[in-house]
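J.: This is structure_18.txt, which holds compact mmCIF, N, CA and C atoms:
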# COMPACT_ATOMS: atom_id res chain seq x y z
N MET A 1 -193.99 107.35 41.48
CA MET A 1 -193.09 108.40 41.89
C MET A 1 -191.85 107.84 42.57
N THR A 2 -191.98 106.67 43.21
CA THR A 2 -190.82 106.11 43.88
C THR A 2 -189.79 105.57 42.89
N VAL A 3 -190.21 105.35 41.64
CA VAL A 3 -189.27 104.89 40.62
C VAL A 3 -188.18 105.94 40.39
N LEU A 4 -188.53 107.21 40.48
CA LEU A 4 -187.57 108.28 40.23
C LEU A 4 -186.46 108.30 41.26
N PHE A 5 -186.71 107.81 42.45
CA PHE A 5 -185.70 107.84 43.50
C PHE A 5 -184.92 106.53 43.60
N ASN A 6 -185.21 105.60 42.71
CA ASN A 6 -184.50 104.32 42.70
C ASN A 6 -183.88 104.13 41.32
N PRO A 7 -182.60 104.52 41.12
CA PRO A 7 -181.99 104.42 39.79
C PRO A 7 -181.91 102.99 39.24
N MET A 8 -181.98 102.00 40.09
CA MET A 8 -181.94 100.62 39.61
C MET A 8 -183.22 100.25 38.86
N ALA A 9 -184.28 100.99 39.09
CA ALA A 9 -185.56 100.72 38.42
C ALA A 9 -185.77 101.61 37.20
N TRP A 10 -184.80 102.45 36.88
CA TRP A 10 -184.95 103.37 35.75
C TRP A 10 -184.94 102.63 34.43
N ARG A 11 -185.69 103.17 33.49
CA ARG A 11 -185.70 102.66 32.13
C ARG A 11 -184.98 103.67 31.25
N LEU A 12 -184.92 103.41 29.95
CA LEU A 12 -184.17 104.26 29.03
C LEU A 12 -184.60 105.73 29.07
N PRO A 13 -185.89 106.06 29.08
CA PRO A 13 -186.25 107.49 29.14
C PRO A 13 -185.73 108.19 30.40
N HIS A 14 -185.75 107.49 31.51
CA HIS A 14 -185.23 108.08 32.75
C HIS A 14 -183.74 108.39 32.62
N TRP A 15 -182.99 107.44 32.07
CA TRP A 15 -181.55 107.64 31.92
C TRP A 15 -181.25 108.75 30.92
N LEU A 16 -182.01 108.84 29.84
CA LEU A 16 -181.79 109.90 28.86
C LEU A 16 -182.09 111.28 29.46
N ILE A 17 -183.15 111.39 30.23
CA ILE A 17 -183.47 112.66 30.88
C ILE A 17 -182.40 113.03 31.89
N ALA A 18 -181.92 112.05 32.65
CA ALA A 18 -180.87 112.33 33.64
C ALA A 18 -179.58 112.76 32.95
N LEU A 19 -179.20 112.07 31.88
CA LEU A 19 -177.98 112.43 31.16
C LEU A 19 -178.12 113.80 30.51
N GLY A 20 -179.26 114.08 29.91
CA GLY A 20 -179.49 115.39 29.31
C GLY A 20 -179.47 116.49 30.36
N SER A 21 -180.01 116.23 31.54
CA SER A 21 -179.99 117.23 32.61
C SER A 21 -178.56 117.51 33.07
N VAL A 22 -177.76 116.46 33.20
CA VAL A 22 -176.36 116.65 33.62
C VAL A 22 -175.60 117.46 32.57
N VAL A 23 -175.81 117.16 31.29
CA VAL A 23 -175.14 117.91 30.23
C VAL A 23 -175.59 119.36 30.23
N ALA A 24 -176.90 119.60 30.35
CA ALA A 24 -177.41 120.97 30.35
C ALA A 24 -176.89 121.76 31.54
N ILE A 25 -176.86 121.16 32.71
CA ILE A 25 -176.35 121.86 33.90
C ILE A 25 -174.87 122.14 33.76
N SER A 26 -174.09 121.17 33.22
CA SER A 26 -172.66 121.40 33.07
C SER A 26 -172.37 122.47 32.01
N LEU A 27 -173.19 122.54 30.98
CA LEU A 27 -173.03 123.62 30.00
C LEU A 27 -173.39 124.97 30.61
N TYR A 28 -174.48 125.01 31.37
CA TYR A 28 -174.92 126.26 31.98
C TYR A 28 -173.92 126.75 33.03
N ALA A 29 -173.33 125.82 33.78
CA ALA A 29 -172.38 126.18 34.82
C ALA A 29 -171.01 126.52 34.26
N GLY A 30 -170.77 126.22 33.01
CA GLY A 30 -169.49 126.53 32.39
C GLY A 30 -168.44 125.46 32.58
N LEU A 31 -168.84 124.27 33.04
CA LEU A 31 -167.88 123.19 33.22
C LEU A 31 -167.41 122.65 31.88
N VAL A 32 -168.30 122.63 30.90
CA VAL A 32 -167.97 122.21 29.54
C VAL A 32 -168.13 123.43 28.64
N GLN A 33 -167.09 123.74 27.88
CA GLN A 33 -167.13 124.90 27.00
C GLN A 33 -166.96 124.44 25.55
N PRO A 34 -168.07 124.23 24.85
CA PRO A 34 -167.98 123.67 23.51
C PRO A 34 -167.26 124.58 22.51
N ARG A 35 -167.29 125.87 22.72
CA ARG A 35 -166.61 126.77 21.79
C ARG A 35 -165.10 126.54 21.84
N GLU A 36 -164.55 126.39 23.03
CA GLU A 36 -163.11 126.16 23.16
C GLU A 36 -162.72 124.79 22.62
N ILE A 37 -163.58 123.81 22.81
CA ILE A 37 -163.31 122.48 22.26
C ILE A 37 -163.30 122.53 20.74
N ALA A 38 -164.27 123.22 20.15
CA ALA A 38 -164.34 123.34 18.69
C ALA A 38 -163.13 124.12 18.15
N LEU A 39 -162.72 125.17 18.85
CA LEU A 39 -161.55 125.93 18.41
C LEU A 39 -160.28 125.10 18.51
N TRP A 40 -160.19 124.23 19.52
CA TRP A 40 -159.02 123.35 19.62
C TRP A 40 -158.98 122.39 18.43
N PHE A 41 -160.13 121.82 18.08
CA PHE A 41 -160.17 120.93 16.92
C PHE A 41 -159.86 121.68 15.63
N ALA A 42 -160.36 122.91 15.50
CA ALA A 42 -160.13 123.68 14.28
C ALA A 42 -158.69 124.13 14.15
N ALA A 43 -157.96 124.22 15.25
CA ALA A 43 -156.56 124.67 15.21
C ALA A 43 -155.56 123.53 15.10
N ARG A 44 -156.04 122.32 14.93
CA ARG A 44 -155.11 121.18 14.79
C ARG A 44 -154.27 121.39 13.54
N PRO A 45 -152.97 121.03 13.58
CA PRO A 45 -152.08 121.34 12.46
C PRO A 45 -152.48 120.68 11.14
N GLU A 46 -153.10 119.49 11.19
CA GLU A 46 -153.43 118.82 9.93
C GLU A 46 -154.60 119.47 9.19
N VAL A 47 -155.37 120.32 9.86
CA VAL A 47 -156.49 120.99 9.20
C VAL A 47 -156.35 122.50 9.23
N ALA A 48 -155.23 123.01 9.66
CA ALA A 48 -155.06 124.45 9.81
C ALA A 48 -155.15 125.18 8.47
N GLN A 49 -154.76 124.53 7.38
CA GLN A 49 -154.78 125.17 6.06
C GLN A 49 -156.00 124.78 5.23
N ALA A 50 -156.92 124.02 5.81
CA ALA A 50 -158.10 123.60 5.06
C ALA A 50 -159.01 124.79 4.79
N PHE A 51 -159.65 124.79 3.66
CA PHE A 51 -160.60 125.82 3.23
C PHE A 51 -159.96 127.20 3.16
N SER A 52 -158.69 127.25 2.81
CA SER A 52 -158.00 128.55 2.73
C SER A 52 -157.97 129.10 1.30
N ASP A 53 -158.55 128.39 0.35
CA ASP A 53 -158.61 128.88 -1.02
C ASP A 53 -159.45 130.15 -1.06
N PRO A 54 -158.95 131.22 -1.68
CA PRO A 54 -159.70 132.48 -1.63
C PRO A 54 -161.01 132.46 -2.41
N HIS A 55 -161.12 131.60 -3.42
CA HIS A 55 -162.33 131.61 -4.25
C HIS A 55 -163.35 130.56 -3.80
N PHE A 56 -162.88 129.36 -3.48
CA PHE A 56 -163.81 128.27 -3.21
C PHE A 56 -163.72 127.72 -1.79
N GLY A 57 -162.89 128.29 -0.94
CA GLY A 57 -162.72 127.78 0.42
C GLY A 57 -164.00 127.83 1.23
N ARG A 58 -164.67 128.96 1.19
CA ARG A 58 -165.91 129.11 1.96
C ARG A 58 -167.01 128.21 1.39
N ALA A 59 -167.08 128.08 0.08
CA ALA A 59 -168.09 127.21 -0.53
C ALA A 59 -167.83 125.74 -0.18
N ASP A 60 -166.56 125.33 -0.20
CA ASP A 60 -166.24 123.96 0.19
C ASP A 60 -166.61 123.70 1.65
N ALA A 61 -166.33 124.67 2.51
CA ALA A 61 -166.68 124.52 3.92
C ALA A 61 -168.19 124.42 4.09
N LEU A 62 -168.93 125.24 3.36
CA LEU A 62 -170.39 125.20 3.45
C LEU A 62 -170.94 123.86 2.96
N ILE A 63 -170.37 123.33 1.90
CA ILE A 63 -170.80 122.02 1.39
C ILE A 63 -170.53 120.93 2.41
N LEU A 64 -169.36 120.98 3.07
CA LEU A 64 -169.04 119.97 4.08
C LEU A 64 -170.00 120.06 5.26
N VAL A 65 -170.27 121.26 5.74
CA VAL A 65 -171.18 121.43 6.87
C VAL A 65 -172.59 120.98 6.49
N PHE A 66 -173.06 121.38 5.32
CA PHE A 66 -174.39 120.99 4.87
C PHE A 66 -174.49 119.47 4.71
N SER A 67 -173.50 118.87 4.07
CA SER A 67 -173.52 117.42 3.86
C SER A 67 -173.48 116.67 5.18
N THR A 68 -172.68 117.15 6.10
CA THR A 68 -172.58 116.47 7.39
C THR A 68 -173.88 116.59 8.17
N LEU A 69 -174.49 117.76 8.15
CA LEU A 69 -175.73 117.94 8.91
C LEU A 69 -176.86 117.08 8.38
N PHE A 70 -176.93 116.91 7.06
CA PHE A 70 -178.07 116.19 6.50
C PHE A 70 -177.80 114.72 6.21
N LEU A 71 -176.55 114.33 6.04
CA LEU A 71 -176.25 112.93 5.75
C LEU A 71 -175.79 112.15 6.97
N ALA A 72 -175.26 112.84 7.98
CA ALA A 72 -174.75 112.14 9.16
C ALA A 72 -175.84 111.38 9.92
N PRO A 73 -177.05 111.91 10.10
CA PRO A 73 -178.05 111.11 10.81
C PRO A 73 -178.37 109.80 10.10
N PHE A 74 -178.46 109.82 8.79
CA PHE A 74 -178.72 108.58 8.04
C PHE A 74 -177.55 107.62 8.17
N ALA A 75 -176.32 108.13 8.06
CA ALA A 75 -175.14 107.28 8.19
C ALA A 75 -175.04 106.70 9.60
N LEU A 76 -175.34 107.49 10.62
CA LEU A 76 -175.31 106.99 11.99
C LEU A 76 -176.39 105.93 12.22
N PHE A 77 -177.55 106.13 11.60
CA PHE A 77 -178.62 105.14 11.72
C PHE A 77 -178.21 103.81 11.08
N VAL A 78 -177.64 103.88 9.89
CA VAL A 78 -177.19 102.66 9.21
C VAL A 78 -176.10 101.98 10.03
N MET A 79 -175.16 102.76 10.58
CA MET A 79 -174.10 102.19 11.39
C MET A 79 -174.67 101.54 12.65
N LEU A 80 -175.66 102.17 13.28
CA LEU A 80 -176.27 101.61 14.47
C LEU A 80 -176.98 100.29 14.16
N VAL A 81 -177.71 100.25 13.04
CA VAL A 81 -178.40 99.01 12.66
C VAL A 81 -177.40 97.90 12.38
N LEU A 82 -176.31 98.21 11.68
CA LEU A 82 -175.30 97.21 11.39
C LEU A 82 -174.60 96.73 12.66
N MET A 83 -174.35 97.64 13.59
CA MET A 83 -173.73 97.23 14.85
C MET A 83 -174.66 96.34 15.67
N ILE A 84 -175.94 96.69 15.72
CA ILE A 84 -176.90 95.86 16.45
C ILE A 84 -176.98 94.48 15.82
N PHE A 85 -176.99 94.44 14.48
CA PHE A 85 -177.04 93.15 13.79
C PHE A 85 -175.79 92.32 14.09
N ALA A 86 -174.61 92.95 14.04
CA ALA A 86 -173.36 92.23 14.29
C ALA A 86 -173.29 91.74 15.74
N ILE A 87 -173.72 92.57 16.68
CA ILE A 87 -173.68 92.17 18.08
C ILE A 87 -174.67 91.05 18.35
N ALA A 88 -175.85 91.12 17.73
CA ALA A 88 -176.84 90.05 17.89
C ALA A 88 -176.34 88.75 17.27
N MET A 89 -175.69 88.85 16.11
CA MET A 89 -175.18 87.65 15.45
C MET A 89 -174.06 87.01 16.28
N LEU A 90 -173.11 87.83 16.74
CA LEU A 90 -172.02 87.29 17.56
C LEU A 90 -172.53 86.78 18.91
N GLY A 91 -173.54 87.46 19.46
CA GLY A 91 -174.14 86.98 20.70
C GLY A 91 -174.82 85.64 20.51
N GLY A 92 -175.38 85.40 19.33
CA GLY A 92 -175.98 84.11 19.04
C GLY A 92 -174.94 83.00 18.97
N PHE A 93 -173.73 83.34 18.53
CA PHE A 93 -172.65 82.35 18.51
C PHE A 93 -172.16 82.04 19.92
N VAL A 94 -172.18 83.02 20.80
CA VAL A 94 -171.68 82.84 22.17
C VAL A 94 -172.75 82.25 23.08
N LEU A 95 -174.01 82.37 22.70
CA LEU A 95 -175.12 81.94 23.54
C LEU A 95 -175.05 80.47 23.97
N PRO A 96 -174.72 79.51 23.10
CA PRO A 96 -174.63 78.12 23.59
C PRO A 96 -173.57 77.93 24.67
N VAL A 97 -172.47 78.64 24.55
CA VAL A 97 -171.42 78.52 25.57
C VAL A 97 -171.89 79.11 26.89
N VAL A 98 -172.59 80.23 26.81
CA VAL A 98 -173.12 80.87 28.02
C VAL A 98 -174.14 79.96 28.69
N ARG A 99 -175.00 79.34 27.90
CA ARG A 99 -175.99 78.42 28.47
C ARG A 99 -175.34 77.17 29.04
N TRP A 100 -174.24 76.76 28.45
CA TRP A 100 -173.52 75.58 28.96
C TRP A 100 -172.96 75.86 30.35
N PHE A 101 -172.55 77.11 30.61
CA PHE A 101 -172.06 77.50 31.93
C PHE A 101 -173.19 77.93 32.86
N SER A 102 -174.43 77.79 32.44
CA SER A 102 -175.63 78.14 33.22
C SER A 102 -175.65 79.60 33.64
N LEU A 103 -175.22 80.47 32.73
CA LEU A 103 -175.27 81.91 32.96
C LEU A 103 -176.52 82.49 32.29
N PRO A 104 -176.95 83.68 32.69
CA PRO A 104 -178.12 84.28 32.03
C PRO A 104 -177.82 84.62 30.56
N ASP A 105 -178.86 84.68 29.75
CA ASP A 105 -178.69 84.93 28.32
C ASP A 105 -178.09 86.30 28.02
N TRP A 106 -178.39 87.30 28.86
CA TRP A 106 -177.86 88.64 28.61
C TRP A 106 -176.35 88.67 28.75
N PHE A 107 -175.77 87.68 29.41
CA PHE A 107 -174.31 87.64 29.56
C PHE A 107 -173.62 87.47 28.22
N ALA A 108 -174.26 86.79 27.26
CA ALA A 108 -173.67 86.63 25.92
C ALA A 108 -173.53 87.99 25.24
N THR A 109 -174.58 88.81 25.32
CA THR A 109 -174.52 90.14 24.71
C THR A 109 -173.49 91.00 25.42
N ALA A 110 -173.44 90.93 26.74
CA ALA A 110 -172.46 91.71 27.49
C ALA A 110 -171.04 91.28 27.14
N PHE A 111 -170.83 89.99 26.99
CA PHE A 111 -169.51 89.49 26.62
C PHE A 111 -169.10 89.98 25.23
N VAL A 112 -170.03 89.95 24.30
CA VAL A 112 -169.74 90.42 22.94
C VAL A 112 -169.46 91.93 22.95
N LEU A 113 -170.23 92.70 23.71
CA LEU A 113 -169.99 94.14 23.79
C LEU A 113 -168.61 94.45 24.37
N VAL A 114 -168.21 93.72 25.41
CA VAL A 114 -166.88 93.92 25.99
C VAL A 114 -165.81 93.53 24.98
N ALA A 115 -166.00 92.43 24.27
CA ALA A 115 -165.02 91.99 23.27
C ALA A 115 -164.90 92.99 22.13
N VAL A 116 -166.03 93.53 21.68
CA VAL A 116 -166.00 94.54 20.61
C VAL A 116 -165.32 95.81 21.11
N GLY A 117 -165.59 96.21 22.36
CA GLY A 117 -164.94 97.38 22.94
C GLY A 117 -163.43 97.20 23.05
N ILE A 118 -162.99 96.03 23.46
CA ILE A 118 -161.55 95.75 23.55
C ILE A 118 -160.93 95.75 22.16
N ALA A 119 -161.62 95.17 21.19
CA ALA A 119 -161.10 95.16 19.82
C ALA A 119 -161.02 96.57 19.25
N ALA A 120 -162.02 97.41 19.53
CA ALA A 120 -161.99 98.80 19.05
C ALA A 120 -160.85 99.57 19.70
N TRP A 121 -160.64 99.33 20.99
CA TRP A 121 -159.53 100.00 21.68
C TRP A 121 -158.19 99.52 21.14
N ALA A 122 -158.07 98.23 20.87
CA ALA A 122 -156.81 97.69 20.37
C ALA A 122 -156.50 98.20 18.96
N GLN A 123 -157.52 98.47 18.18
CA GLN A 123 -157.32 98.95 16.81
C GLN A 123 -157.51 100.46 16.70
N SER A 124 -157.42 101.18 17.81
CA SER A 124 -157.69 102.61 17.79
C SER A 124 -156.70 103.40 16.94
N GLU A 125 -155.50 102.86 16.72
CA GLU A 125 -154.55 103.59 15.86
C GLU A 125 -155.01 103.60 14.41
N LEU A 126 -155.96 102.77 14.05
CA LEU A 126 -156.49 102.78 12.69
C LEU A 126 -157.62 103.79 12.51
N TRP A 127 -158.50 103.92 13.47
CA TRP A 127 -159.68 104.76 13.28
C TRP A 127 -159.62 106.08 14.04
N LEU A 128 -158.86 106.18 15.12
CA LEU A 128 -158.85 107.40 15.92
C LEU A 128 -158.22 108.60 15.20
N PRO A 129 -157.07 108.46 14.53
CA PRO A 129 -156.53 109.65 13.84
C PRO A 129 -157.45 110.18 12.75
N ARG A 130 -158.09 109.29 12.02
CA ARG A 130 -159.02 109.73 10.98
C ARG A 130 -160.24 110.42 11.57
N SER A 131 -160.72 109.90 12.70
CA SER A 131 -161.87 110.53 13.36
C SER A 131 -161.51 111.92 13.88
N LEU A 132 -160.34 112.05 14.49
CA LEU A 132 -159.90 113.36 14.97
C LEU A 132 -159.67 114.32 13.82
N TRP A 133 -159.13 113.80 12.71
CA TRP A 133 -158.93 114.64 11.53
C TRP A 133 -160.28 115.15 11.02
N PHE A 134 -161.29 114.26 10.93
CA PHE A 134 -162.59 114.69 10.44
C PHE A 134 -163.25 115.69 11.39
N LEU A 135 -163.15 115.45 12.69
CA LEU A 135 -163.71 116.42 13.64
C LEU A 135 -163.02 117.77 13.51
N GLY A 136 -161.70 117.76 13.31
CA GLY A 136 -160.97 119.00 13.10
C GLY A 136 -161.39 119.69 11.82
N LEU A 137 -161.57 118.90 10.76
CA LEU A 137 -162.00 119.46 9.48
C LEU A 137 -163.40 120.06 9.59
N LEU A 138 -164.28 119.37 10.30
CA LEU A 138 -165.63 119.88 10.48
C LEU A 138 -165.63 121.15 11.33
N ALA A 139 -164.82 121.18 12.39
CA ALA A 139 -164.73 122.38 13.21
C ALA A 139 -164.14 123.55 12.40
N ARG A 140 -163.16 123.24 11.58
CA ARG A 140 -162.57 124.29 10.73
C ARG A 140 -163.60 124.80 9.73
N ALA A 141 -164.42 123.89 9.16
CA ALA A 141 -165.45 124.31 8.22
C ALA A 141 -166.49 125.20 8.92
N TRP A 142 -166.89 124.84 10.12
CA TRP A 142 -167.83 125.69 10.87
C TRP A 142 -167.22 127.06 11.12
N LYS A 143 -165.93 127.08 11.46
CA LYS A 143 -165.26 128.35 11.74
C LYS A 143 -165.22 129.22 10.49
N VAL A 144 -164.94 128.61 9.33
CA VAL A 144 -164.89 129.37 8.07
C VAL A 144 -166.27 129.86 7.67
N VAL A 145 -167.28 129.00 7.83
CA VAL A 145 -168.64 129.39 7.43
C VAL A 145 -169.18 130.50 8.33
N LEU A 146 -168.92 130.41 9.62
CA LEU A 146 -169.46 131.40 10.56
C LEU A 146 -168.64 132.68 10.62
N ALA A 147 -167.43 132.68 10.04
CA ALA A 147 -166.58 133.87 10.09
C ALA A 147 -167.04 134.91 9.09
For this file, produce the structure as structure tokens.
T.:
Amino acid sequence: MTVLFNPMAWRLPHWLIALGSVVAISLYAGLVQPREIALWFAARPEVAQAFSDPHFGRADALILVFSTLFLAPFALFVMLVLMIFAIAMLGGFVLPVVRWFSLPDWFATAFVLVAVGIAAWAQSELWLPRSLWFLGLLARAWKVVLA
């Protein structure tokens, strides 16, 4: 029971429960309003005219929502496995240098994660607009399907 009062001793399930509790409380208290966030994404100018075809617009939106719901978990799993493999491989390249400086082995993984994060931030102009466009398209599809 004392583990619960010492966050330094928490393991992954403890952190997931704490994060889920914070999200649930913030949703219940109205601090985060997902409907307004989704409407903001759906009203973005680059997707404002999506799914506006009178005959096939709703069907296209339904196909996008269905495909995303059922294919996204598999795609996220594959992406997670590839990222873990890449981080482990790059960490293996950095490990001899870390050991040469007499640092702990986990420092190699932390260094690679920081380097990957900096590289992702530096290249955000390549992936961020497309990600925002897709989130807007998905929000617009949900809006069309639920309307």
J.: In Å, rounded to a single decimal, give me how far CA of Arg130 (chain A) is from CA of Val145 (chain A).
T.: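 Going from CA of Val145 (chain A) over to CA of Arg130 (chain A) covers 22.2 Å.
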J.: With all atoms listed in the file counted and 8 Å as the cut-off, give the residues of region 80-105 of chain A in contact with region 112-115 of chain A, each with its shortest interatomic distance in Å and the pair that gives it, as JSON lines.
T.:
{"residue": "A:Ile87", "atom": "CA", "partner": "A:Val112", "partner_atom": "C", "distance": 6.4}
{"residue": "A:Leu90", "atom": "C", "partner": "A:Val112", "partner_atom": "CA", "distance": 6.1}
{"residue": "A:Gly91", "atom": "N", "partner": "A:Val112", "partner_atom": "CA", "distance": 5.9}
{"residue": "A:Val94", "atom": "CA", "partner": "A:Val112", "partner_atom": "N", "distance": 7.6}
J.: Output the selection as a compact mmCIF listing (two decimals), keeping the file's coordinate frame - N, CA and C atoms for each residue.
T.:
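Okay, selection-v4.txt is ready:
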# COMPACT_ATOMS: atom_id res chain seq x y z
N ILE A 87 -173.72 92.57 16.68
CA ILE A 87 -173.68 92.17 18.08
C ILE A 87 -174.67 91.05 18.35
N LEU A 90 -173.11 87.83 16.74
CA LEU A 90 -172.02 87.29 17.56
C LEU A 90 -172.53 86.78 18.91
N GLY A 91 -173.54 87.46 19.46
CA GLY A 91 -174.14 86.98 20.70
C GLY A 91 -174.82 85.64 20.51
N VAL A 94 -172.18 83.02 20.80
CA VAL A 94 -171.68 82.84 22.17
C VAL A 94 -172.75 82.25 23.08
J.: Smallest atom-to-atom distance to Val47 (chain A): which of A:Val116, A:Met79, A:Ala141, A:Leu71, using only C-alpha atoms?
T.: A:Ala141
J.: Got a sec to tell me which of region 18-62 of chain A DSSP assigns to alpha helix (DSSP H), as a list in words?
T.: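 Taking region 18-62 of chain A and keeping alpha helix (DSSP H) only, one gets Ala18, Leu19, Gly20, Ser21, Val22, Val23, Ala24, Ile25, Ser26, Leu27, Tyr28, Ala29, Pro34, Arg35, Glu36, Ile37, Ala38, Leu39, Trp40, Phe41, Ala42, Gly57, Arg58, Ala59, Asp60, Ala61 and Leu62 of chain A.
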J.: Which residue is closest to Trp142 (chain A)? Choose from A:Phe85, A:Glu125, A:Leu64, A:Asp53 and count all atoms listed in the file.
T.: A:Leu64
J.: Just the number, please: distance in Å from atom C of Val22 (chain A) to CA of Trp106 (chain A), one decimal.
T.: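 Computing it gives 29.2 Å between the two atoms.
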J.: Could you tell me how far atom N of Leu146 (chain A) sits from atom C of Arg58 (chain A), in Å to one decimal place?
T.: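 Between these atoms lies a distance of 8.7 Å.
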